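In what follows, a structure is listed as structure tokens, so that the remarks can point back to it.
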Amino acid sequence: TIARLANLLLAASFMPTAALLPPRIVMAAPSSLRPPRLATLRRARVQMLSPSAGSLAAASMLPALLGFWKSEYGVSYAYGTATFLSGILVLPSATTRIATAHAACLALYGLRLNAFLLYRELSIARFREFRDKIEARALEKGGRLSRAPFIASCGLLYLGLAAPLMLTAPASAPPALAGALVCLMYAGWLTAAAGDAWKSVVKARKGEDALVTGGPFRHLRHPNFSGEMLLWGASAAAGAATAATNFGRSVLAACGWLSLSALGWAGISFVLAQAATSLEKRQAQKYAGTPGFTEWRRGAWPGITLPQKQWPAVGGSAGPHRMAGRWPPPSRAR
């Protein structure tokens, strides 16, 4: 009882002091001590995790140095590694589900491509022979340092392919169009993956010289190239659509990434179109007169190809073929 009475007297002695203080101090803590709002925390997190231009350039361009080891690796494993690292680097800073899906698609594409390239190199002797022939041809043209300009151009191309991520990742409200374009990216990813897988299974069963006309090849002559072109075109368009609706009057701030995106899209489109054109030429030479080849060509879309020249007849029975381009390295001619 005495202890309770002492506590009551002590509390009563502090009541006049509290009554004299301003209500703001008594009822609430100063604003500097209040917990920050969720939006502020989110912005701070994005700024902390957002990759710098230098880090993205390093992730995109350093893998191209593999070309100094093996010339073919600069356009195969370097391509997949740069794409994977770019997606992984940007993924933590994505502010929306659309941006997360965008970055994840690039990471998944690079991971799948490198896994496929490794499987093919380890299990198919023909591709190891191609790799060695390309390396021998490169060494005949000069030392390894003579590859520097080509390797630098590959690194710049890979940076251009990653540039759209820097437009979608920080955007707080990407348009619905960007979401639809990201869905098209995954459609392209699946098309390319299905083409590589189907072709690998058929050739493993029927031989490397077998003509593949089933599955995704029934309607697309080169589903891997067509799928990649869809993926990269949709990626660049998603970045542009997001920049146009989220940066307002400060679009100039994103012009650098927009320019790199356009450069990457144009570069990869040319490479894929050249590869498809070269493969058209090789197939016309190899399968001329093969039963079902002409019918398959009539019913399957070749994808986007380069303007072709009229070439003399090959094989005699198939008539003249329209051919152009050069045989691409093994990484492109799947």
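Each chain in the structure tokens gets a letter, A, B, ..., in the order shown, and its residues are numbered from 1; ligands are numbered from 1 in order too.
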
Near-Ser200 of chain A list (12 Å; only C-alpha atoms; drop same-chain fewer than 6 positions) as a list of chain:residue names:
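These residues fall inside the cut-off: A:Phe116, A:Leu117, A:Tyr119, A:Arg120, A:Ser123, A:Ile124, A:Ala193, A:Ala194, A:Lys206, A:Gly207, A:Glu208, A:Asp209, A:Ala210, A:Leu211, A:Val212, A:Gly215, A:Asn224, A:Arg334.
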
Can I get the selection written as a CSV table (one decimal), in the first residue's frame, with N, CA and C atoms?
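Generated output (part_14.csv):
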```csv
chain,number,residue,atom,x,y,z
A,116,PHE,N,22.3,-24.6,-73.9
A,116,PHE,CA,22.2,-25.2,-75.2
A,116,PHE,C,23.5,-25.3,-75.9
A,117,LEU,N,24.2,-24.2,-75.9
A,117,LEU,CA,25.5,-24.2,-76.6
A,117,LEU,C,26.5,-25.2,-76.0
A,119,TYR,N,25.7,-27.9,-74.3
A,119,TYR,CA,25.3,-29.3,-74.7
A,119,TYR,C,25.7,-29.6,-76.1
A,120,ARG,N,25.5,-28.7,-77.0
A,120,ARG,CA,25.8,-29.0,-78.4
A,120,ARG,C,27.3,-29.1,-78.6
A,123,SER,N,28.4,-32.6,-77.1
A,123,SER,CA,27.8,-33.8,-77.6
A,123,SER,C,27.9,-34.0,-79.1
A,124,ILE,N,28.2,-32.9,-79.9
A,124,ILE,CA,28.2,-33.0,-81.3
A,124,ILE,C,29.6,-32.6,-81.8
A,193,ALA,N,13.5,-21.5,-78.0
A,193,ALA,CA,13.8,-22.7,-77.2
A,193,ALA,C,13.2,-23.9,-77.8
A,194,ALA,N,11.9,-23.8,-78.3
A,194,ALA,CA,11.3,-25.0,-78.9
A,194,ALA,C,12.0,-25.4,-80.2
A,206,LYS,N,17.7,-39.0,-86.2
A,206,LYS,CA,17.8,-39.3,-87.6
A,206,LYS,C,19.1,-38.9,-88.3
A,207,GLY,N,20.0,-38.3,-87.5
A,207,GLY,CA,21.3,-37.9,-88.0
A,207,GLY,C,21.4,-36.4,-88.3
A,208,GLU,N,22.6,-35.9,-88.3
A,208,GLU,CA,22.9,-34.5,-88.4
A,208,GLU,C,22.4,-33.9,-89.8
A,209,ASP,N,22.3,-34.8,-90.8
A,209,ASP,CA,21.9,-34.3,-92.1
A,209,ASP,C,20.5,-34.4,-92.4
A,210,ALA,N,19.7,-34.8,-91.4
A,210,ALA,CA,18.2,-34.9,-91.6
A,210,ALA,C,17.6,-33.5,-91.7
A,211,LEU,N,16.6,-33.4,-92.6
A,211,LEU,CA,15.8,-32.2,-92.8
A,211,LEU,C,14.7,-32.2,-91.7
A,212,VAL,N,14.6,-31.1,-91.0
A,212,VAL,CA,13.6,-31.0,-89.9
A,212,VAL,C,12.5,-30.2,-90.4
A,215,GLY,N,7.0,-30.1,-85.9
A,215,GLY,CA,7.0,-29.3,-84.7
A,215,GLY,C,6.9,-27.8,-85.1
A,224,ASN,N,14.2,-20.6,-84.3
A,224,ASN,CA,15.2,-20.0,-83.4
A,224,ASN,C,15.4,-18.5,-83.8
A,334,ARG,N,21.8,-22.6,-86.2
A,334,ARG,CA,21.4,-23.7,-85.4
A,334,ARG,C,20.5,-24.6,-86.2
```

So that I can see what lies close to Ser60 of chain A, please list as a compact mmCIF listing (two decimals) with N, CA and C atoms, in the first residue's frame the residues with an atom at most 12 Å from it, counting only C-alpha atoms and leaving out residues fewer than 2 positions away in the same chain.
```
# COMPACT_ATOMS: atom_id res chain seq x y z
N ALA A 53 25.50 3.04 -65.15
CA ALA A 53 25.77 2.79 -66.56
C ALA A 53 27.07 2.01 -66.72
N GLY A 54 28.05 2.32 -65.87
CA GLY A 54 29.32 1.62 -65.94
C GLY A 54 29.21 0.14 -65.60
N SER A 55 28.42 -0.19 -64.58
CA SER A 55 28.28 -1.59 -64.19
C SER A 55 27.53 -2.38 -65.26
N LEU A 56 26.51 -1.77 -65.88
CA LEU A 56 25.80 -2.46 -66.95
C LEU A 56 26.70 -2.63 -68.16
N ALA A 57 27.51 -1.62 -68.46
CA ALA A 57 28.44 -1.73 -69.58
C ALA A 57 29.45 -2.85 -69.32
N ALA A 58 29.92 -2.97 -68.09
CA ALA A 58 30.87 -4.03 -67.76
C ALA A 58 30.22 -5.41 -67.90
N LEU A 62 32.24 -7.07 -70.99
CA LEU A 62 33.36 -7.91 -70.57
C LEU A 62 33.26 -9.36 -71.09
N PRO A 63 32.05 -9.96 -71.13
CA PRO A 63 31.99 -11.33 -71.67
C PRO A 63 32.50 -11.45 -73.09
N ALA A 64 32.42 -10.35 -73.87
CA ALA A 64 32.91 -10.41 -75.25
C ALA A 64 34.40 -10.70 -75.32
N LEU A 65 35.11 -10.50 -74.22
CA LEU A 65 36.55 -10.78 -74.19
C LEU A 65 36.84 -12.27 -74.38
N GLY A 74 33.22 -15.45 -78.78
CA GLY A 74 32.82 -14.05 -78.67
C GLY A 74 31.42 -13.77 -79.16
N ALA A 78 29.68 -15.61 -75.10
CA ALA A 78 29.70 -14.20 -74.67
C ALA A 78 28.31 -13.58 -74.81
N TYR A 79 27.62 -13.91 -75.87
CA TYR A 79 26.26 -13.42 -76.11
C TYR A 79 25.33 -13.86 -74.99
N GLY A 80 25.35 -15.16 -74.68
CA GLY A 80 24.49 -15.66 -73.61
C GLY A 80 24.87 -15.14 -72.25
N THR A 81 26.18 -15.05 -71.97
CA THR A 81 26.63 -14.59 -70.65
C THR A 81 26.30 -13.12 -70.44
N ALA A 82 26.51 -12.29 -71.46
CA ALA A 82 26.20 -10.86 -71.33
C ALA A 82 24.72 -10.65 -71.10
N THR A 83 23.89 -11.40 -71.80
CA THR A 83 22.44 -11.27 -71.63
C THR A 83 22.02 -11.70 -70.23
N PHE A 84 22.57 -12.81 -69.76
CA PHE A 84 22.24 -13.31 -68.42
C PHE A 84 22.67 -12.33 -67.34
N LEU A 85 23.91 -11.85 -67.41
CA LEU A 85 24.41 -10.94 -66.38
C LEU A 85 23.65 -9.62 -66.37
N SER A 86 23.27 -9.12 -67.53
CA SER A 86 22.51 -7.87 -67.59
C SER A 86 21.16 -8.01 -66.91
N GLY A 87 20.48 -9.12 -67.19
CA GLY A 87 19.18 -9.34 -66.55
C GLY A 87 19.29 -9.49 -65.04
N ILE A 88 20.30 -10.25 -64.59
CA ILE A 88 20.50 -10.45 -63.15
C ILE A 88 20.87 -9.14 -62.47
N LEU A 89 21.66 -8.30 -63.12
CA LEU A 89 22.11 -7.05 -62.53
C LEU A 89 20.96 -6.07 -62.33
N VAL A 90 20.06 -6.02 -63.28
CA VAL A 90 18.95 -5.05 -63.22
C VAL A 90 17.78 -5.58 -62.41
N LEU A 106 15.44 -11.69 -69.99
CA LEU A 106 16.80 -11.64 -70.51
C LEU A 106 17.70 -12.62 -69.77
N GLY A 110 19.59 -15.83 -71.63
CA GLY A 110 21.02 -16.07 -71.61
C GLY A 110 21.38 -17.40 -70.98
N ILE A 151 35.59 -7.58 -81.35
CA ILE A 151 35.14 -7.88 -79.99
C ILE A 151 34.48 -6.65 -79.36
N ALA A 152 35.05 -5.48 -79.61
CA ALA A 152 34.45 -4.25 -79.08
C ALA A 152 33.06 -4.02 -79.67
N SER A 153 32.90 -4.30 -80.96
CA SER A 153 31.59 -4.12 -81.58
C SER A 153 30.57 -5.10 -81.01
N CYS A 154 31.02 -6.33 -80.71
CA CYS A 154 30.12 -7.29 -80.08
C CYS A 154 29.69 -6.81 -78.70
N GLY A 155 30.65 -6.29 -77.92
CA GLY A 155 30.31 -5.78 -76.60
C GLY A 155 29.33 -4.63 -76.66
N LEU A 156 29.49 -3.74 -77.63
CA LEU A 156 28.55 -2.63 -77.80
C LEU A 156 27.17 -3.14 -78.18
N LEU A 157 27.13 -4.17 -79.02
CA LEU A 157 25.84 -4.76 -79.38
C LEU A 157 25.14 -5.34 -78.16
N TYR A 158 25.88 -6.06 -77.32
CA TYR A 158 25.27 -6.65 -76.12
C TYR A 158 24.78 -5.57 -75.16
N LEU A 159 25.51 -4.46 -75.08
CA LEU A 159 25.05 -3.35 -74.25
C LEU A 159 23.75 -2.77 -74.79
N GLY A 160 23.66 -2.66 -76.11
CA GLY A 160 22.42 -2.16 -76.71
C GLY A 160 21.24 -3.07 -76.45
N LEU A 161 21.48 -4.36 -76.39
CA LEU A 161 20.39 -5.30 -76.10
C LEU A 161 19.92 -5.19 -74.66
N ALA A 162 20.82 -4.79 -73.76
CA ALA A 162 20.45 -4.64 -72.35
C ALA A 162 19.87 -3.27 -72.03
N ALA A 163 20.07 -2.29 -72.91
CA ALA A 163 19.67 -0.91 -72.63
C ALA A 163 18.19 -0.75 -72.29
N GLY A 264 21.07 -1.58 -80.58
CA GLY A 264 21.07 -3.01 -80.30
C GLY A 264 20.04 -3.75 -81.13
```

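Put simply, atom CA of Thr290 of chain A is 24.2 Å away from atom CA of Ser226 of chain A.
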
Go through A:Pro92, A:Pro216, A:Gly67, A:Pro223 and flag the residue nearest Pro302 of chain A, using only C-alpha atoms for the distances.
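Checking each candidate against Pro302 of chain A, we get A:Pro223 as the closest.
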
Counting only C-alpha atoms, the option among A:Ser235, A:Ser261, A:Ser52, A:Thr168 closest to Cys105 of chain A
A:Ser235

Nearby residues (only C-alpha atoms) at most 7 Å from segment 231-234 of chain A, same-chain spacing under 3 positions excluded, as a list in words:
Leu181, Val182, Leu184, Met185, Tyr186, Gly188, Trp189, Gly227, Glu228, Ala237, Ala238 and Trp265 of chain A

Going by DSSP on the backbone, which residues of segment 159-233 of chain A come out as alpha helix (DSSP H)? List them as a count of residues only.
50

Using Å and a single decimal, report how far atom CA of Ala262 of chain A sits from atom CA of Ala173 of chain A.
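One can read the atom CA of Ala173 of chain A to atom CA of Ala262 of chain A distance as 22.2 Å.
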